[in-house]
Amino acid sequence: MVIYLDVLLLSNLWVNYLLLRATAQWTHRRMKTRRAILAAMLGAGFSLLIFFPPQHPVICLAIRFLTAFCMVTAAFGKLKIPELFRQTIWFCILSFLFCGVVYAVNSYLIPIGLQTTNSVMYMDISLLVLLFAAFAAALAASFSAHRRDLPAVGEIRLHLRIDGVDFCLEALADTGNGLRDGFSGRPVVVCAEQDLARWISRFGNAAEAASHCKG
């Protein structure tokens with residue numbers, strides 16, 4: 001198969017950008033457009049590995065993960081190392097899903113022509129078709145991420161167990177805060193300090209108690 005450099009770079013740039021956006025949606029992380037474009041360009045540069053001699057699958061997997069880690073670091077900025085690894089794992093999961101869908105379409109629906117070398121996929125299809133298909137996939141991922149989010153409205157009955165002490169109290173969803181749990185989509189909730197006085201009194205003040213309650 002003839003591999004055209006412009007198609008290779010542009011298609012990887014577009015797909016990488018949408019995968020980064022989908023990762024941000026799934027993990028509820030904010031990401032600047034400029035950083036996303038730069039990270040996608042970095043990933044497109046790694047696609048040149050398709051021209052190198054075939055490497056061992058383990059080496060390809062390591063290179064793929066390193067590439068994803070570099071892209072995530074460039075896209076999401078200064079995060080703690082565990083968070084970067086978490087974002088990288090989500091990015092890899094979405095990438096594998098995308099590649100699986102492309103392979104399934106090629107195998108069972110429309111032969112589009114695929115070339116895979118060193119974990120880099122080249123699709124011999126129109127760039128316009130690729131743009132629309134990848135955009136539709138990104139919209140589906142975004143919609144799915146929003147569907148699993150819980151609404152940040154109404155009163156919430158909160159059950160806590162802290163250091164062996166059980167609490168049952170009323171809480172309110174913080175509608176002015178966009179931060180959500182990355183896995184469940186649950187919103188930030190606010191409760192009254194006096195409802196936790198029994199536990200806070202062990203540490204002197206709320207700030208000290210909060211620093212003790214990691215996670």
# chains A, B, ... in the order shown; residues from 1 in each chain; ligands from 1
>>> residues_around(residues="range 50-64 of chain A", least_positions_apart="5", cutoff="9 Å", atoms="only C-alpha atoms", output="tab-separated table (two decimals) with N, CA, C and O atoms, in the first residue's frame")
chain	number	residue	atom	x	y	z
A	3	ILE	N	1.66	4.84	1.15
A	3	ILE	CA	1.31	5.67	2.30
A	3	ILE	C	1.68	7.11	1.98
A	3	ILE	O	2.84	7.42	1.72
A	69	PHE	N	1.47	8.88	26.99
A	69	PHE	CA	1.83	9.62	28.21
A	69	PHE	C	2.34	11.01	27.87
A	69	PHE	O	1.99	12.00	28.52
A	92	CYS	N	-5.63	5.59	26.32
A	92	CYS	CA	-5.32	4.33	25.64
A	92	CYS	C	-6.57	3.49	25.43
A	92	CYS	O	-6.76	2.87	24.37
A	115	GLN	N	-3.30	-0.27	6.91
A	115	GLN	CA	-1.89	-0.66	7.02
A	115	GLN	C	-1.47	-0.36	8.45
A	115	GLN	O	-1.58	0.78	8.92
A	116	THR	N	-1.02	-1.38	9.16
A	116	THR	CA	-0.60	-1.21	10.54
A	116	THR	C	0.83	-1.69	10.70
A	116	THR	O	1.14	-2.85	10.42
A	117	THR	N	1.70	-0.78	11.11
A	117	THR	CA	3.10	-1.11	11.37
A	117	THR	C	3.54	-0.37	12.62
A	117	THR	O	3.28	0.84	12.75
A	118	ASN	N	4.17	-1.10	13.52
A	118	ASN	CA	4.66	-0.50	14.77
A	118	ASN	C	3.55	0.22	15.54
A	118	ASN	O	3.73	1.32	16.08
A	119	SER	N	2.35	-0.39	15.57
A	119	SER	CA	1.19	0.12	16.29
A	119	SER	C	0.66	1.43	15.71
A	119	SER	O	-0.09	2.15	16.38
A	120	VAL	N	1.06	1.78	14.51
A	120	VAL	CA	0.54	2.97	13.83
A	120	VAL	C	-0.41	2.50	12.73
A	120	VAL	O	-0.06	1.65	11.92
A	121	MET	N	-1.62	3.06	12.72
A	121	MET	CA	-2.63	2.66	11.75
A	121	MET	C	-2.75	3.71	10.65
A	121	MET	O	-2.87	4.91	10.94
A	122	TYR	N	-2.72	3.25	9.42
A	122	TYR	CA	-2.93	4.13	8.27
A	122	TYR	C	-4.17	3.66	7.54
A	122	TYR	O	-4.30	2.47	7.21
>>> residues_around(residues="Cys191 in chain A", least_positions_apart="4", cutoff="12 Å", atoms="only C-alpha atoms", output="PDB file with C-alpha atoms, in the first residue's frame")
ATOM      1  CA  GLU A 155     -30.819  17.796  48.188  1.00  0.00           C
ATOM      2  CA  ILE A 156     -28.648  14.773  48.872  1.00  0.00           C
ATOM      3  CA  ARG A 157     -28.635  12.415  51.832  1.00  0.00           C
ATOM      4  CA  LEU A 158     -24.960  11.818  52.598  1.00  0.00           C
ATOM      5  CA  HIS A 159     -23.705   8.747  54.448  1.00  0.00           C
ATOM      6  CA  LEU A 160     -20.101   8.893  55.634  1.00  0.00           C
ATOM      7  CA  PHE A 167     -22.506  10.174  59.897  1.00  0.00           C
ATOM      8  CA  CYS A 168     -25.834  10.703  58.139  1.00  0.00           C
ATOM      9  CA  LEU A 169     -26.472  14.285  57.075  1.00  0.00           C
ATOM     10  CA  GLU A 170     -28.115  16.500  54.497  1.00  0.00           C
ATOM     11  CA  ALA A 171     -25.971  17.975  51.718  1.00  0.00           C
ATOM     12  CA  LEU A 172     -26.472  20.185  48.683  1.00  0.00           C
ATOM     13  CA  ALA A 173     -25.001  19.797  45.215  1.00  0.00           C
ATOM     14  CA  ASP A 174     -22.627  22.669  44.431  1.00  0.00           C
ATOM     15  CA  ASP A 195     -22.984  18.303  61.167  1.00  0.00           C
ATOM     16  CA  LEU A 196     -19.422  16.980  61.317  1.00  0.00           C
ATOM     17  CA  ALA A 197     -18.542  18.647  64.622  1.00  0.00           C
TER      18      ALA A 197
END
>>> residues_around(residues="Tyr17 in chain A", least_positions_apart="2", cutoff="8 Å", atoms="only C-alpha atoms", output="JSON, numbers by chain")
{"A": [13, 14, 15, 19, 20, 21, 36, 37, 39, 40]}
>>> write_last_selection(atoms="N, CA and C atoms", output="short mmCIF file (atom, residue, chain, number, x, y, z; two decimals), in the first residue's frame")
data_model
loop_
_atom_site.label_atom_id
_atom_site.label_comp_id
_atom_site.auth_asym_id
_atom_site.auth_seq_id
_atom_site.Cartn_x
_atom_site.Cartn_y
_atom_site.Cartn_z
N LEU A 13 -3.44 13.65 13.28
CA LEU A 13 -3.66 14.90 14.02
C LEU A 13 -5.13 15.02 14.43
N TRP A 14 -6.02 14.78 13.49
CA TRP A 14 -7.46 14.93 13.74
C TRP A 14 -7.95 13.89 14.75
N VAL A 15 -7.57 12.63 14.55
CA VAL A 15 -8.03 11.57 15.44
C VAL A 15 -7.46 11.77 16.84
N LEU A 19 -9.60 12.21 20.27
CA LEU A 19 -9.41 11.26 21.36
C LEU A 19 -9.03 11.99 22.65
N LEU A 20 -8.22 13.02 22.54
CA LEU A 20 -7.88 13.82 23.73
C LEU A 20 -9.12 14.52 24.28
N ARG A 21 -9.95 15.05 23.39
CA ARG A 21 -11.19 15.69 23.82
C ARG A 21 -12.11 14.68 24.51
N ALA A 36 -4.39 21.05 23.46
CA ALA A 36 -4.89 19.84 22.80
C ALA A 36 -4.33 19.73 21.38
N ILE A 37 -4.28 20.84 20.67
CA ILE A 37 -3.74 20.83 19.30
C ILE A 37 -2.25 20.49 19.31
N ALA A 39 -0.62 18.78 21.58
CA ALA A 39 -0.48 17.38 21.95
C ALA A 39 -0.83 16.47 20.77
N ALA A 40 -1.87 16.85 20.02
CA ALA A 40 -2.25 16.06 18.84
C ALA A 40 -1.15 16.10 17.78
#
>>> atom_distance(atom1="CA of Met31 in chain A", atom2="CA of Gly77 in chain A")
8.3 Å
>>> select_by_dssp(residues="range 56-182 of chain A", states="alpha helix (DSSP H)", output="number ranges by chain")
A: 57-76, 81-104, 127-147
>>> residues_around(residues="Arg202 in chain A", least_positions_apart="5", cutoff="12 Å", atoms="only C-alpha atoms", output="list in words")
Ile162, Asp163, Val165, Leu196, Ala197, Ala207, Glu208, Ala209, Ala210 and His212 of chain A
>>> select_by_dssp(residues="range 44-150 of chain A", states="strand (DSSP E)", output="ChimeraX atom specification")
/A:114-117,120-123
>>> atom_distance(atom1="CA of Ala206 in chain A", atom2="CA of Ala192 in chain A")
11.0 Å
>>> closest_residue(among="A:Leu48, A:Ala22, A:Arg34, A:Asn16", to="Ala68 in chain A", atoms="only C-alpha atoms")
A:Asn16
>>> atom_distance(atom1="CA of Leu66 in chain A", atom2="CA of Gly100 in chain A")
20.4 Å
>>> closest_residue(among="A:Leu179, A:Ala44, A:Leu128, A:Leu10", to="His28 in chain A", atoms="only C-alpha atoms")
A:Leu179
